[in-house]
Amino acid sequence: MGMLDDVMGGLGKEAGGGIADLLKGQGGLGGLMEKFGQNGLGDVAGSWVGKGANMNISPEQISQVLGSSPIADFARKLGVSPEQASETLAGLLPEAVDRLTPGGTADGADDLLDKLPGGVGDMIGGFLKR
């Protein structure tokens, strides 16, 4: 996971803001979950929402689900390559979705995205420092 650590060194808030924008661009958490389901990865994304352990996802699977344009946008925000952005998302997206769904359901997650005091960037920046 060395490359992820290198990329994420000081990018907590930027990555979080990028993930928030990415989620909104996918139609919110519900839209994102639908895309994962359409690509045969509904069980993986569902594990992030549910109360059990989060299943891992590969950078290639992230690219398959999201497509190149959203990955490129996220990469630009972080100042990294699309490959690094996919790796970053593979590491952060499960945790971000998990934290946005503390009750084990996606209900209200999109509202939480908008209501976090410092935004999802602060939330993600906090768990990057663990």
# chains A, B, ... in the order shown; residues from 1 in each chain; ligands from 1

$ residues_around --residues "range 31-34 of chain A" --least-positions-apart "6" --cutoff "8 Å" --atoms "only C-alpha atoms" --output "JSON, numbers by chain"
{"A": [23, 42, 45, 46]}

$ write_last_selection --atoms "all heavy atoms" --output "PDB file, in the first residue's frame"
ATOM      1  N   LEU A  23     -19.167  11.547  -5.329  1.00  0.00           N
ATOM      2  CA  LEU A  23     -20.447  10.957  -4.924  1.00  0.00           C
ATOM      3  C   LEU A  23     -21.616  11.753  -5.494  1.00  0.00           C
ATOM      4  O   LEU A  23     -22.575  11.183  -6.010  1.00  0.00           O
ATOM      5  CB  LEU A  23     -20.548  10.904  -3.395  1.00  0.00           C
ATOM      6  CG  LEU A  23     -19.743   9.828  -2.700  1.00  0.00           C
ATOM      7  CD1 LEU A  23     -19.754  10.029  -1.192  1.00  0.00           C
ATOM      8  CD2 LEU A  23     -20.271   8.447  -3.042  1.00  0.00           C
ATOM      9  N   GLY A  42     -22.319  -5.177  -6.373  1.00  0.00           N
ATOM     10  CA  GLY A  42     -23.265  -4.708  -5.364  1.00  0.00           C
ATOM     11  C   GLY A  42     -22.969  -5.251  -3.978  1.00  0.00           C
ATOM     12  O   GLY A  42     -23.141  -4.546  -2.976  1.00  0.00           O
ATOM     13  N   ALA A  45     -20.001  -3.106  -2.487  1.00  0.00           N
ATOM     14  CA  ALA A  45     -20.454  -1.788  -2.033  1.00  0.00           C
ATOM     15  C   ALA A  45     -21.426  -1.922  -0.862  1.00  0.00           C
ATOM     16  O   ALA A  45     -21.393  -1.110   0.064  1.00  0.00           O
ATOM     17  CB  ALA A  45     -21.099  -1.031  -3.184  1.00  0.00           C
ATOM     18  N   GLY A  46     -22.259  -2.950  -0.893  1.00  0.00           N
ATOM     19  CA  GLY A  46     -23.194  -3.170   0.208  1.00  0.00           C
ATOM     20  C   GLY A  46     -22.483  -3.423   1.523  1.00  0.00           C
ATOM     21  O   GLY A  46     -22.981  -3.044   2.594  1.00  0.00           O
TER      22      GLY A  46
END

$ closest_residue --among "A:Leu92, A:Leu100, A:Val49, A:Leu66" --to "Gly25 in chain A" --atoms "only C-alpha atoms"
A:Leu66

$ residues_around --residues "Ile62 in chain A" --least-positions-apart "4" --cutoff "8 Å" --atoms "only C-alpha atoms" --output "PyMOL selection string"
chain A and resi 57-58+66-67+86+89-90

$ write_last_selection --atoms "C-alpha atoms" --output "PDB file, in the first residue's frame"
ATOM      1  CA  ILE A  57     -12.026  -3.262  -3.998  1.00  0.00           C
ATOM      2  CA  SER A  58      -9.252  -3.012  -6.564  1.00  0.00           C
ATOM      3  CA  LEU A  66     -16.894   4.909 -12.247  1.00  0.00           C
ATOM      4  CA  GLY A  67     -15.440   5.277 -15.723  1.00  0.00           C
ATOM      5  CA  SER A  86      -8.025   4.880  -8.764  1.00  0.00           C
ATOM      6  CA  LEU A  89     -10.283   5.705  -4.265  1.00  0.00           C
ATOM      7  CA  ALA A  90      -9.912   1.951  -3.760  1.00  0.00           C
TER       8      ALA A  90
END

$ atom_distance --atom1 "CA of Ala75 in chain A" --atom2 "CA of Pro94 in chain A"
17.8 Å
